[in-house]
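Before any comments, here is the structure.
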Amino acid sequence: MGTTGAPQLEEAVASCVALLSTATDRDWDGVKADRLEWSCRHTAEHIASDLIAYAGQLAGRAQHAYVPFDIALDEGTDNSGVLDVIGATGTLLAAAVRTTPREVRAFHPYPFRSANREGFAAMGTAEVLLHTQDIAEALGLTYQPARKLAEFVLTRIFPHVRPGADPWLTLLWATGRGRLPGRAPVTEWRWRNNLVLPTDRLTLEGVHPAAAADLASGGDGGFEWITGGPFQGTREAATFMTKAYRAGLHRPEFGVFALVRSEDGRAIGGMGFHAVPDEEGRTEVGYDLVEGARGQGYATEALRALTDWALARDDVRTVLATVERDNLASQAVVSRVGFKQVGEDIDELTYELPG
C-alpha cells in the first residue's frame, strides 16, 4: 500500500490553484463563500492557515496542543498572492508528511487527540477540496476534483460514512454540502482519525478502511510486518471490516487494530472486535500474532489494553472471546487478562470479561 498521502495533498492543492486562478480578477472580499459566514477571500486564507498549521504539528511533533502560531499575509496581497500562499503552504505540509516517520503522531483535538502523517494529509486534502468548493460555488465556478482524492479523504478520516457511488458527492453530503438519495441531510459532522492505544512495548493502531481493503486483498495495509506477516486471521478480520464499511456498519473504534512493536515499528499481529456492542453492551474480541512474535507476552499486553479501553466506555459492559479447544496458548492469554470460561461446545470454549 505504502501511501503517505503527500501526492493526494499536492494534487488537491494543484486543483484548487488551477480553478481559482481563473477568477483572481473577481471581488473575493465582497462575496460570501457558499454555506459559510466567511468571504471567499477569508476562506482562501483559511485554507493556507490550515495547511501550515498541520505542517507545524507534524514538524514540531506537538503532543498536547496546537503549536501557537499563525500566518498573516502582507498588506496589499491580491488574490493571486493568496493562491501563491496556498501553493507554498501545501508544499510545506506535503514535505512534512513525506519526512515524518509512519509511527509519529501529533496533536489534533478530535476525536482521539492525535493523527499520523496520513491523517494530517487527509485533513489537509479535505480542507482544500471542501473550501475550494465553497469558494467555487459562490463565484459560479464548477469544481470537480479527481474521484480518487475524495475517496482518499473518505477512507482515511470518514470511516464511519457508508461509501456511495460517487465519492465526491458522498464527501459533500457527509460535510453538509449536498444531498444523497436515501440519506438524511447532514447538519453536524466531524472527521475521525484512527484510534491508537499505547502499551509498554506496542501500539495498537486502528486500521482505516483503505488499509483494511489492502490487507484483505493480500497487501500489507501500509505496515511493515515481521517475517511471515500478516497472519491469515488478520486478513480475514480486515475482510469483515471492509464488508462492514461498505454496508455503513463500521465504527472505527470497534474495528481492526494492527499490533506494532515500538522498538522497530514493525507489525506483529492484529486484534479487534467482531462487531459493535449489542443492546446489552456485549462485544467479542479476536486476535492473532505472526509466529515469530508468539510466546513473548505481546498478545496478553495488547488484549489487556484493548479490553481496558473498551470496558471504560459506557456502551460496553462485557467483552467475549471464543477460543479453539486445542489452542492452549490463546486460552492462557485470555485467562491472564481475567476472562472466565462461560461456555463450550465440541470445538470451542467461550470466555467472558465483565466490566
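Please note that chains go A, B, ... in the order of the C-alpha cells, that every chain numbers its residues from 1, and that ligands are numbered from 1 in the order shown.
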Using DSSP on the backbone, list every residue of range 126-262 of chain A that comes out as helix (DSSP H, G or I), and give them as number ranges by chain.
A: 126-139, 147-157, 167-174, 209-216, 232-246, 252-254
Residues of range 77-304 of chain A in strand (DSSP E), written as a PDB file with all heavy atoms, in the first residue's frame:
```pdb
ATOM      1  N   ARG A 105       2.906  10.466  15.727  1.00  0.00           N
ATOM      2  CA  ARG A 105       1.586  11.079  15.806  1.00  0.00           C
ATOM      3  C   ARG A 105       1.731  12.432  16.478  1.00  0.00           C
ATOM      4  O   ARG A 105       2.588  12.623  17.351  1.00  0.00           O
ATOM      5  CB  ARG A 105       0.602  10.199  16.586  1.00  0.00           C
ATOM      6  CG  ARG A 105       0.370   8.850  15.928  1.00  0.00           C
ATOM      7  CD  ARG A 105      -0.685   8.045  16.645  1.00  0.00           C
ATOM      8  NE  ARG A 105      -2.030   8.575  16.448  1.00  0.00           N
ATOM      9  CZ  ARG A 105      -2.789   8.319  15.382  1.00  0.00           C
ATOM     10  NH1 ARG A 105      -2.340   7.567  14.403  1.00  0.00           N
ATOM     11  NH2 ARG A 105      -4.009   8.817  15.286  1.00  0.00           N
ATOM     12  N   ALA A 106       0.903  13.375  16.068  1.00  0.00           N
ATOM     13  CA  ALA A 106       0.933  14.718  16.640  1.00  0.00           C
ATOM     14  C   ALA A 106      -0.486  15.107  17.046  1.00  0.00           C
ATOM     15  O   ALA A 106      -1.467  14.514  16.583  1.00  0.00           O
ATOM     16  CB  ALA A 106       1.504  15.719  15.641  1.00  0.00           C
ATOM     17  N   ALA A 115      -3.120  12.445  15.348  1.00  0.00           N
ATOM     18  CA  ALA A 115      -3.196  11.969  13.966  1.00  0.00           C
ATOM     19  C   ALA A 115      -1.789  11.650  13.500  1.00  0.00           C
ATOM     20  O   ALA A 115      -0.812  12.247  13.966  1.00  0.00           O
ATOM     21  CB  ALA A 115      -3.827  13.023  13.051  1.00  0.00           C
ATOM     22  N   ASN A 116      -1.672  10.693  12.568  1.00  0.00           N
ATOM     23  CA  ASN A 116      -0.380  10.398  11.980  1.00  0.00           C
ATOM     24  C   ASN A 116      -0.215  11.191  10.688  1.00  0.00           C
ATOM     25  O   ASN A 116      -1.069  12.015  10.335  1.00  0.00           O
ATOM     26  CB  ASN A 116      -0.203   8.894  11.762  1.00  0.00           C
ATOM     27  CG  ASN A 116      -1.223   8.324  10.779  1.00  0.00           C
ATOM     28  OD1 ASN A 116      -2.008   9.052  10.161  1.00  0.00           O
ATOM     29  ND2 ASN A 116      -1.225   7.016  10.636  1.00  0.00           N
ATOM     30  N   VAL A 196      -5.405   5.091  18.388  1.00  0.00           N
ATOM     31  CA  VAL A 196      -4.166   4.390  18.705  1.00  0.00           C
ATOM     32  C   VAL A 196      -4.074   4.230  20.214  1.00  0.00           C
ATOM     33  O   VAL A 196      -4.240   5.194  20.958  1.00  0.00           O
ATOM     34  CB  VAL A 196      -2.936   5.153  18.166  1.00  0.00           C
ATOM     35  CG1 VAL A 196      -1.645   4.539  18.699  1.00  0.00           C
ATOM     36  CG2 VAL A 196      -2.917   5.122  16.652  1.00  0.00           C
ATOM     37  N   LEU A 197      -3.818   2.994  20.659  1.00  0.00           N
ATOM     38  CA  LEU A 197      -3.692   2.694  22.082  1.00  0.00           C
ATOM     39  C   LEU A 197      -2.262   2.236  22.367  1.00  0.00           C
ATOM     40  O   LEU A 197      -1.825   1.221  21.824  1.00  0.00           O
ATOM     41  CB  LEU A 197      -4.679   1.595  22.488  1.00  0.00           C
ATOM     42  CG  LEU A 197      -6.156   1.881  22.247  1.00  0.00           C
ATOM     43  CD1 LEU A 197      -6.990   0.639  22.545  1.00  0.00           C
ATOM     44  CD2 LEU A 197      -6.623   3.047  23.102  1.00  0.00           C
ATOM     45  N   PRO A 198      -1.535   2.945  23.207  1.00  0.00           N
ATOM     46  CA  PRO A 198      -0.155   2.546  23.518  1.00  0.00           C
ATOM     47  C   PRO A 198      -0.102   1.555  24.680  1.00  0.00           C
ATOM     48  O   PRO A 198      -0.927   1.580  25.592  1.00  0.00           O
ATOM     49  CB  PRO A 198       0.498   3.876  23.907  1.00  0.00           C
ATOM     50  CG  PRO A 198      -0.635   4.670  24.519  1.00  0.00           C
ATOM     51  CD  PRO A 198      -1.882   4.258  23.777  1.00  0.00           C
ATOM     52  N   LEU A 202       4.116  -1.899  22.679  1.00  0.00           N
ATOM     53  CA  LEU A 202       3.355  -1.907  21.439  1.00  0.00           C
ATOM     54  C   LEU A 202       2.543  -0.639  21.286  1.00  0.00           C
ATOM     55  O   LEU A 202       2.336   0.102  22.252  1.00  0.00           O
ATOM     56  CB  LEU A 202       2.376  -3.091  21.407  1.00  0.00           C
ATOM     57  CG  LEU A 202       2.903  -4.499  21.584  1.00  0.00           C
ATOM     58  CD1 LEU A 202       1.735  -5.457  21.805  1.00  0.00           C
ATOM     59  CD2 LEU A 202       3.706  -4.917  20.355  1.00  0.00           C
ATOM     60  N   THR A 203       2.062  -0.415  20.072  1.00  0.00           N
ATOM     61  CA  THR A 203       0.917   0.465  19.864  1.00  0.00           C
ATOM     62  C   THR A 203      -0.120  -0.342  19.089  1.00  0.00           C
ATOM     63  O   THR A 203       0.215  -1.079  18.163  1.00  0.00           O
ATOM     64  CB  THR A 203       1.263   1.744  19.079  1.00  0.00           C
ATOM     65  OG1 THR A 203       1.870   1.386  17.834  1.00  0.00           O
ATOM     66  CG2 THR A 203       2.192   2.630  19.869  1.00  0.00           C
ATOM     67  N   LEU A 204      -1.371  -0.204  19.514  1.00  0.00           N
ATOM     68  CA  LEU A 204      -2.484  -0.792  18.788  1.00  0.00           C
ATOM     69  C   LEU A 204      -3.015   0.294  17.871  1.00  0.00           C
ATOM     70  O   LEU A 204      -3.609   1.269  18.333  1.00  0.00           O
ATOM     71  CB  LEU A 204      -3.581  -1.269  19.738  1.00  0.00           C
ATOM     72  CG  LEU A 204      -3.359  -2.593  20.484  1.00  0.00           C
ATOM     73  CD1 LEU A 204      -2.207  -2.480  21.481  1.00  0.00           C
ATOM     74  CD2 LEU A 204      -4.632  -3.012  21.222  1.00  0.00           C
ATOM     75  N   GLU A 205      -2.761   0.158  16.579  1.00  0.00           N
ATOM     76  CA  GLU A 205      -3.081   1.210  15.620  1.00  0.00           C
ATOM     77  C   GLU A 205      -4.334   0.850  14.839  1.00  0.00           C
ATOM     78  O   GLU A 205      -4.362  -0.144  14.105  1.00  0.00           O
ATOM     79  CB  GLU A 205      -1.910   1.433  14.660  1.00  0.00           C
ATOM     80  CG  GLU A 205      -0.643   1.874  15.380  1.00  0.00           C
ATOM     81  CD  GLU A 205       0.452   2.328  14.428  1.00  0.00           C
ATOM     82  OE1 GLU A 205       0.136   2.594  13.254  1.00  0.00           O
ATOM     83  OE2 GLU A 205       1.602   2.416  14.879  1.00  0.00           O
ATOM     84  N   GLY A 206      -5.384   1.660  15.015  1.00  0.00           N
ATOM     85  CA  GLY A 206      -6.618   1.426  14.295  1.00  0.00           C
ATOM     86  C   GLY A 206      -6.394   1.431  12.792  1.00  0.00           C
ATOM     87  O   GLY A 206      -5.725   2.304  12.253  1.00  0.00           O
ATOM     88  N   VAL A 256     -10.491  -3.106  13.392  1.00  0.00           N
ATOM     89  CA  VAL A 256      -9.265  -3.899  13.474  1.00  0.00           C
ATOM     90  C   VAL A 256      -8.103  -3.001  13.876  1.00  0.00           C
ATOM     91  O   VAL A 256      -7.994  -1.859  13.411  1.00  0.00           O
ATOM     92  CB  VAL A 256      -8.967  -4.560  12.111  1.00  0.00           C
ATOM     93  CG1 VAL A 256      -7.652  -5.335  12.159  1.00  0.00           C
ATOM     94  CG2 VAL A 256     -10.117  -5.478  11.700  1.00  0.00           C
ATOM     95  N   PHE A 257      -7.229  -3.531  14.725  1.00  0.00           N
ATOM     96  CA  PHE A 257      -6.022  -2.824  15.142  1.00  0.00           C
ATOM     97  C   PHE A 257      -4.804  -3.644  14.741  1.00  0.00           C
ATOM     98  O   PHE A 257      -4.775  -4.864  14.943  1.00  0.00           O
ATOM     99  CB  PHE A 257      -5.993  -2.626  16.663  1.00  0.00           C
ATOM    100  CG  PHE A 257      -7.059  -1.712  17.189  1.00  0.00           C
ATOM    101  CD1 PHE A 257      -8.359  -2.172  17.367  1.00  0.00           C
ATOM    102  CD2 PHE A 257      -6.771  -0.400  17.502  1.00  0.00           C
ATOM    103  CE1 PHE A 257      -9.347  -1.337  17.852  1.00  0.00           C
ATOM    104  CE2 PHE A 257      -7.758   0.446  17.989  1.00  0.00           C
ATOM    105  CZ  PHE A 257      -9.047  -0.024  18.164  1.00  0.00           C
ATOM    106  N   ALA A 258      -3.816  -2.982  14.168  1.00  0.00           N
ATOM    107  CA  ALA A 258      -2.523  -3.627  13.927  1.00  0.00           C
ATOM    108  C   ALA A 258      -1.686  -3.474  15.183  1.00  0.00           C
ATOM    109  O   ALA A 258      -1.638  -2.391  15.785  1.00  0.00           O
ATOM    110  CB  ALA A 258      -1.813  -2.998  12.734  1.00  0.00           C
ATOM    111  N   LEU A 259      -1.030  -4.546  15.582  1.00  0.00           N
ATOM    112  CA  LEU A 259      -0.153  -4.515  16.752  1.00  0.00           C
ATOM    113  C   LEU A 259       1.257  -4.195  16.259  1.00  0.00           C
ATOM    114  O   LEU A 259       1.887  -5.004  15.574  1.00  0.00           O
ATOM    115  CB  LEU A 259      -0.175  -5.858  17.471  1.00  0.00           C
ATOM    116  CG  LEU A 259      -1.564  -6.429  17.810  1.00  0.00           C
ATOM    117  CD1 LEU A 259      -1.419  -7.719  18.615  1.00  0.00           C
ATOM    118  CD2 LEU A 259      -2.406  -5.408  18.555  1.00  0.00           C
ATOM    119  N   VAL A 260       1.737  -3.001  16.590  1.00  0.00           N
ATOM    120  CA  VAL A 260       3.018  -2.519  16.069  1.00  0.00           C
ATOM    121  C   VAL A 260       4.027  -2.455  17.210  1.00  0.00           C
ATOM    122  O   VAL A 260       3.781  -1.824  18.247  1.00  0.00           O
ATOM    123  CB  VAL A 260       2.860  -1.131  15.415  1.00  0.00           C
ATOM    124  CG1 VAL A 260       4.200  -0.638  14.889  1.00  0.00           C
ATOM    125  CG2 VAL A 260       1.840  -1.203  14.282  1.00  0.00           C
ATOM    126  N   ARG A 261       5.138  -3.099  17.014  1.00  0.00           N
ATOM    127  CA  ARG A 261       6.177  -3.157  18.035  1.00  0.00           C
ATOM    128  C   ARG A 261       6.900  -1.818  18.123  1.00  0.00           C
ATOM    129  O   ARG A 261       7.384  -1.290  17.114  1.00  0.00           O
ATOM    130  CB  ARG A 261       7.144  -4.288  17.677  1.00  0.00           C
ATOM    131  CG  ARG A 261       7.952  -4.833  18.807  1.00  0.00           C
ATOM    132  CD  ARG A 261       8.504  -6.211  18.478  1.00  0.00           C
ATOM    133  NE  ARG A 261       9.232  -6.232  17.201  1.00  0.00           N
ATOM    134  CZ  ARG A 261       9.652  -7.351  16.618  1.00  0.00           C
ATOM    135  NH1 ARG A 261       9.402  -8.524  17.183  1.00  0.00           N
ATOM    136  NH2 ARG A 261      10.320  -7.300  15.482  1.00  0.00           N
ATOM    137  N   ALA A 267       4.896  -4.410  12.426  1.00  0.00           N
ATOM    138  CA  ALA A 267       3.648  -5.029  12.862  1.00  0.00           C
ATOM    139  C   ALA A 267       3.865  -6.505  13.122  1.00  0.00           C
ATOM    140  O   ALA A 267       4.550  -7.194  12.357  1.00  0.00           O
ATOM    141  CB  ALA A 267       2.567  -4.835  11.810  1.00  0.00           C
ATOM    142  N   ILE A 268       3.261  -6.998  14.201  1.00  0.00           N
ATOM    143  CA  ILE A 268       3.456  -8.395  14.601  1.00  0.00           C
ATOM    144  C   ILE A 268       2.148  -9.174  14.657  1.00  0.00           C
ATOM    145  O   ILE A 268       2.161 -10.384  14.877  1.00  0.00           O
ATOM    146  CB  ILE A 268       4.150  -8.485  15.975  1.00  0.00           C
ATOM    147  CG1 ILE A 268       3.283  -7.833  17.058  1.00  0.00           C
ATOM    148  CG2 ILE A 268       5.529  -7.827  15.919  1.00  0.00           C
ATOM    149  CD1 ILE A 268       3.774  -8.082  18.478  1.00  0.00           C
ATOM    150  N   GLY A 269       1.010  -8.496  14.463  1.00  0.00           N
ATOM    151  CA  GLY A 269      -0.261  -9.200  14.527  1.00  0.00           C
ATOM    152  C   GLY A 269      -1.427  -8.247  14.415  1.00  0.00           C
ATOM    153  O   GLY A 269      -1.257  -7.049  14.152  1.00  0.00           O
ATOM    154  N   GLY A 270      -2.616  -8.783  14.601  1.00  0.00           N
ATOM    155  CA  GLY A 270      -3.833  -7.995  14.544  1.00  0.00           C
ATOM    156  C   GLY A 270      -4.762  -8.348  15.688  1.00  0.00           C
ATOM    157  O   GLY A 270      -4.723  -9.468  16.216  1.00  0.00           O
ATOM    158  N   MET A 271      -5.584  -7.394  16.075  1.00  0.00           N
ATOM    159  CA  MET A 271      -6.541  -7.593  17.161  1.00  0.00           C
ATOM    160  C   MET A 271      -7.701  -6.654  16.923  1.00  0.00           C
ATOM    161  O   MET A 271      -7.530  -5.569  16.362  1.00  0.00           O
ATOM    162  CB  MET A 271      -5.883  -7.310  18.517  1.00  0.00           C
ATOM    163  CG  MET A 271      -6.771  -7.534  19.731  1.00  0.00           C
ATOM    164  SD  MET A 271      -5.851  -7.338  21.303  1.00  0.00           S
ATOM    165  CE  MET A 271      -4.799  -8.801  21.270  1.00  0.00           C
ATOM    166  N   GLY A 272      -8.888  -7.062  17.327  1.00  0.00           N
ATOM    167  CA  GLY A 272     -10.019  -6.167  17.141  1.00  0.00           C
ATOM    168  C   GLY A 272     -11.323  -6.811  17.549  1.00  0.00           C
ATOM    169  O   GLY A 272     -11.353  -7.910  18.117  1.00  0.00           O
ATOM    170  N   PHE A 273     -12.385  -6.111  17.252  1.00  0.00           N
ATOM    171  CA  PHE A 273     -13.720  -6.541  17.646  1.00  0.00           C
ATOM    172  C   PHE A 273     -14.461  -7.117  16.449  1.00  0.00           C
ATOM    173  O   PHE A 273     -14.282  -6.680  15.318  1.00  0.00           O
ATOM    174  CB  PHE A 273     -14.499  -5.361  18.226  1.00  0.00           C
ATOM    175  CG  PHE A 273     -13.867  -4.763  19.450  1.00  0.00           C
ATOM    176  CD1 PHE A 273     -13.030  -3.651  19.342  1.00  0.00           C
ATOM    177  CD2 PHE A 273     -14.086  -5.306  20.697  1.00  0.00           C
ATOM    178  CE1 PHE A 273     -12.435  -3.101  20.463  1.00  0.00           C
ATOM    179  CE2 PHE A 273     -13.496  -4.765  21.828  1.00  0.00           C
ATOM    180  CZ  PHE A 273     -12.668  -3.664  21.708  1.00  0.00           C
ATOM    181  N   ARG A 282     -22.534  -6.070  24.924  1.00  0.00           N
ATOM    182  CA  ARG A 282     -21.619  -7.186  24.721  1.00  0.00           C
ATOM    183  C   ARG A 282     -20.935  -7.065  23.362  1.00  0.00           C
ATOM    184  O   ARG A 282     -21.580  -6.782  22.353  1.00  0.00           O
ATOM    185  CB  ARG A 282     -22.396  -8.511  24.794  1.00  0.00           C
ATOM    186  CG  ARG A 282     -22.994  -8.781  26.161  1.00  0.00           C
ATOM    187  CD  ARG A 282     -24.148  -9.776  26.067  1.00  0.00           C
ATOM    188  NE  ARG A 282     -23.718 -11.061  25.558  1.00  0.00           N
ATOM    189  CZ  ARG A 282     -23.320 -12.077  26.314  1.00  0.00           C
ATOM    190  NH1 ARG A 282     -23.278 -11.940  27.639  1.00  0.00           N
ATOM    191  NH2 ARG A 282     -22.972 -13.227  25.774  1.00  0.00           N
ATOM    192  N   THR A 283     -19.630  -7.277  23.354  1.00  0.00           N
ATOM    193  CA  THR A 283     -18.870  -7.284  22.107  1.00  0.00           C
ATOM    194  C   THR A 283     -17.801  -8.354  22.198  1.00  0.00           C
ATOM    195  O   THR A 283     -17.320  -8.677  23.294  1.00  0.00           O
ATOM    196  CB  THR A 283     -18.239  -5.908  21.818  1.00  0.00           C
ATOM    197  OG1 THR A 283     -17.620  -5.919  20.534  1.00  0.00           O
ATOM    198  CG2 THR A 283     -17.212  -5.534  22.864  1.00  0.00           C
ATOM    199  N   GLU A 284     -17.425  -8.921  21.059  1.00  0.00           N
ATOM    200  CA  GLU A 284     -16.461 -10.018  21.048  1.00  0.00           C
ATOM    201  C   GLU A 284     -15.148  -9.563  20.432  1.00  0.00           C
ATOM    202  O   GLU A 284     -15.129  -8.818  19.454  1.00  0.00           O
ATOM    203  CB  GLU A 284     -17.013 -11.201  20.247  1.00  0.00           C
ATOM    204  CG  GLU A 284     -16.112 -12.425  20.286  1.00  0.00           C
ATOM    205  CD  GLU A 284     -16.736 -13.643  19.629  1.00  0.00           C
ATOM    206  OE1 GLU A 284     -17.927 -13.583  19.290  1.00  0.00           O
ATOM    207  OE2 GLU A 284     -16.019 -14.663  19.461  1.00  0.00           O
ATOM    208  N   VAL A 285     -14.052 -10.041  21.018  1.00  0.00           N
ATOM    209  CA  VAL A 285     -12.722  -9.671  20.561  1.00  0.00           C
ATOM    210  C   VAL A 285     -12.026 -10.892  19.967  1.00  0.00           C
ATOM    211  O   VAL A 285     -12.294 -12.037  20.368  1.00  0.00           O
ATOM    212  CB  VAL A 285     -11.895  -9.081  21.726  1.00  0.00           C
ATOM    213  CG1 VAL A 285     -11.562 -10.143  22.766  1.00  0.00           C
ATOM    214  CG2 VAL A 285     -10.633  -8.408  21.234  1.00  0.00           C
ATOM    215  N   GLY A 286     -11.166 -10.644  18.988  1.00  0.00           N
ATOM    216  CA  GLY A 286     -10.361 -11.708  18.402  1.00  0.00           C
ATOM    217  C   GLY A 286      -8.974 -11.183  18.083  1.00  0.00           C
ATOM    218  O   GLY A 286      -8.765  -9.971  17.994  1.00  0.00           O
ATOM    219  N   TYR A 287      -8.011 -12.075  17.881  1.00  0.00           N
ATOM    220  CA  TYR A 287      -6.633 -11.632  17.645  1.00  0.00           C
ATOM    221  C   TYR A 287      -5.809 -12.767  17.062  1.00  0.00           C
ATOM    222  O   TYR A 287      -6.193 -13.945  17.130  1.00  0.00           O
ATOM    223  CB  TYR A 287      -5.988 -11.151  18.948  1.00  0.00           C
ATOM    224  CG  TYR A 287      -6.011 -12.172  20.067  1.00  0.00           C
ATOM    225  CD1 TYR A 287      -4.971 -13.083  20.221  1.00  0.00           C
ATOM    226  CD2 TYR A 287      -7.076 -12.226  20.943  1.00  0.00           C
ATOM    227  CE1 TYR A 287      -5.000 -14.019  21.231  1.00  0.00           C
ATOM    228  CE2 TYR A 287      -7.112 -13.161  21.956  1.00  0.00           C
ATOM    229  CZ  TYR A 287      -6.076 -14.061  22.102  1.00  0.00           C
ATOM    230  OH  TYR A 287      -6.105 -15.009  23.097  1.00  0.00           O
ATOM    231  N   ASP A 288      -4.674 -12.407  16.483  1.00  0.00           N
ATOM    232  CA  ASP A 288      -3.656 -13.382  16.110  1.00  0.00           C
ATOM    233  C   ASP A 288      -2.295 -12.690  16.069  1.00  0.00           C
ATOM    234  O   ASP A 288      -2.204 -11.470  15.983  1.00  0.00           O
ATOM    235  CB  ASP A 288      -3.967 -14.081  14.790  1.00  0.00           C
ATOM    236  CG  ASP A 288      -3.927 -13.153  13.575  1.00  0.00           C
ATOM    237  OD1 ASP A 288      -3.362 -12.047  13.671  1.00  0.00           O
ATOM    238  OD2 ASP A 288      -4.474 -13.530  12.528  1.00  0.00           O
ATOM    239  N   LEU A 289      -1.260 -13.477  16.182  1.00  0.00           N
ATOM    240  CA  LEU A 289       0.110 -12.991  16.097  1.00  0.00           C
ATOM    241  C   LEU A 289       0.844 -13.766  15.018  1.00  0.00           C
ATOM    242  O   LEU A 289       0.597 -14.959  14.816  1.00  0.00           O
ATOM    243  CB  LEU A 289       0.852 -13.180  17.424  1.00  0.00           C
ATOM    244  CG  LEU A 289       0.437 -12.339  18.629  1.00  0.00           C
ATOM    245  CD1 LEU A 289       1.355 -12.669  19.801  1.00  0.00           C
ATOM    246  CD2 LEU A 289       0.498 -10.864  18.314  1.00  0.00           C
TER     247      LEU A 289
END
```
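Between Glu348 in chain A and the candidates A:Ala165, A:Val333, A:Leu328, A:Ala150, the tightest atom-to-atom separation, counting only C-alpha atoms, involves A:Leu328.
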Tell me, in Å to one decimal, how far CA of Glu224 in chain A is from CA of Arg266 in chain A.
5.1 Å
Identify which of the residues A:Pro109, A:Gly124, A:Gly355, A:Gly222 lies closest to His46 in chain A, counting only C-alpha atoms when measuring atom-to-atom distances.
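Residue with the minimum atom-to-atom distance to His46 in chain A: A:Gly124.
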CA of Gly228 in chain A to CA of Arg336 in chain A, straight-line distance in Å
26.1 Å
Mind pulling up the distance from CA of Ser49 in chain A to CA of Lys32 in chain A?
18.4 Å
Determine, counting only C-alpha atoms, which protein, DNA and RNA residues have an atom within 12 Å of an atom of Glu291 in chain A; residues of the same chain fewer than 2 positions away are not included. Present the result as a list in words.
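Contacts, in chain order: Trp225, Ile226, Thr227, Gly228, Gly229, Pro230, Phe231, Gln232, Ile268, Gly269, Asp288, Leu289, Ala293, Arg294, Gly295, Gln296, Tyr298 and Ala299 of chain A.
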List as a PyMOL selection string the protein and nucleic acid residues near Gly343 in chain A, meaning an atom at most 10 Å away when only C-alpha atoms are counted, but skip any in the same chain fewer than 5 places from it.
chain A and resi 322+348-352
Limited to all heavy atoms, could you put the picked residues into a file as a PDB file, in the first residue's frame?
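For reference, out32.pdb as written:
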```
ATOM      1  N   THR A 322     -13.900 -16.170  21.964  1.00  0.00           N
ATOM      2  CA  THR A 322     -14.102 -17.573  21.622  1.00  0.00           C
ATOM      3  C   THR A 322     -12.770 -18.154  21.184  1.00  0.00           C
ATOM      4  O   THR A 322     -12.123 -17.618  20.283  1.00  0.00           O
ATOM      5  CB  THR A 322     -15.140 -17.720  20.498  1.00  0.00           C
ATOM      6  OG1 THR A 322     -16.369 -17.114  20.906  1.00  0.00           O
ATOM      7  CG2 THR A 322     -15.388 -19.181  20.187  1.00  0.00           C
ATOM      8  N   GLU A 348     -14.974 -25.290  20.490  1.00  0.00           N
ATOM      9  CA  GLU A 348     -14.562 -24.001  21.036  1.00  0.00           C
ATOM     10  C   GLU A 348     -14.975 -23.817  22.496  1.00  0.00           C
ATOM     11  O   GLU A 348     -15.950 -24.420  22.962  1.00  0.00           O
ATOM     12  CB  GLU A 348     -15.176 -22.859  20.209  1.00  0.00           C
ATOM     13  CG  GLU A 348     -14.689 -22.823  18.766  1.00  0.00           C
ATOM     14  CD  GLU A 348     -15.343 -21.709  17.976  1.00  0.00           C
ATOM     15  OE1 GLU A 348     -16.530 -21.412  18.229  1.00  0.00           O
ATOM     16  OE2 GLU A 348     -14.659 -21.139  17.105  1.00  0.00           O
ATOM     17  N   LEU A 349     -14.236 -22.941  23.153  1.00  0.00           N
ATOM     18  CA  LEU A 349     -14.555 -22.501  24.511  1.00  0.00           C
ATOM     19  C   LEU A 349     -14.911 -21.020  24.456  1.00  0.00           C
ATOM     20  O   LEU A 349     -14.292 -20.251  23.728  1.00  0.00           O
ATOM     21  CB  LEU A 349     -13.364 -22.709  25.441  1.00  0.00           C
ATOM     22  CG  LEU A 349     -12.755 -24.117  25.506  1.00  0.00           C
ATOM     23  CD1 LEU A 349     -11.551 -24.123  26.433  1.00  0.00           C
ATOM     24  CD2 LEU A 349     -13.784 -25.141  25.951  1.00  0.00           C
ATOM     25  N   THR A 350     -15.910 -20.632  25.224  1.00  0.00           N
ATOM     26  CA  THR A 350     -16.323 -19.235  25.275  1.00  0.00           C
ATOM     27  C   THR A 350     -15.928 -18.618  26.596  1.00  0.00           C
ATOM     28  O   THR A 350     -16.165 -19.196  27.668  1.00  0.00           O
ATOM     29  CB  THR A 350     -17.850 -19.108  25.092  1.00  0.00           C
ATOM     30  OG1 THR A 350     -18.211 -19.686  23.844  1.00  0.00           O
ATOM     31  CG2 THR A 350     -18.285 -17.646  25.108  1.00  0.00           C
ATOM     32  N   TYR A 351     -15.301 -17.431  26.510  1.00  0.00           N
ATOM     33  CA  TYR A 351     -14.842 -16.725  27.692  1.00  0.00           C
ATOM     34  C   TYR A 351     -15.528 -15.363  27.773  1.00  0.00           C
ATOM     35  O   TYR A 351     -15.928 -14.790  26.765  1.00  0.00           O
ATOM     36  CB  TYR A 351     -13.328 -16.524  27.633  1.00  0.00           C
ATOM     37  CG  TYR A 351     -12.526 -17.787  27.776  1.00  0.00           C
ATOM     38  CD1 TYR A 351     -12.321 -18.634  26.691  1.00  0.00           C
ATOM     39  CD2 TYR A 351     -11.964 -18.149  29.005  1.00  0.00           C
ATOM     40  CE1 TYR A 351     -11.589 -19.798  26.818  1.00  0.00           C
ATOM     41  CE2 TYR A 351     -11.217 -19.296  29.134  1.00  0.00           C
ATOM     42  CZ  TYR A 351     -11.022 -20.122  28.046  1.00  0.00           C
ATOM     43  OH  TYR A 351     -10.291 -21.274  28.189  1.00  0.00           O
ATOM     44  N   GLU A 352     -15.594 -14.843  28.990  1.00  0.00           N
ATOM     45  CA  GLU A 352     -16.274 -13.575  29.227  1.00  0.00           C
ATOM     46  C   GLU A 352     -15.477 -12.734  30.203  1.00  0.00           C
ATOM     47  O   GLU A 352     -14.955 -13.251  31.206  1.00  0.00           O
ATOM     48  CB  GLU A 352     -17.676 -13.849  29.773  1.00  0.00           C
ATOM     49  CG  GLU A 352     -18.531 -12.613  29.977  1.00  0.00           C
ATOM     50  CD  GLU A 352     -19.922 -12.994  30.464  1.00  0.00           C
ATOM     51  OE1 GLU A 352     -20.784 -13.342  29.624  1.00  0.00           O
ATOM     52  OE2 GLU A 352     -20.137 -12.931  31.704  1.00  0.00           O
TER      53      GLU A 352
END
```
I'd like the neighbourhood of Ala48 in chain A as a ChimeraX atom specification, where a residue qualifies if any of its atoms comes within 12 Å (using only C-alpha atoms), though same-chain residues fewer than 5 positions away should be ignored.
/A:13,16-17,41-43,53-55,70-73,81-93,124-125,127-128,131-132
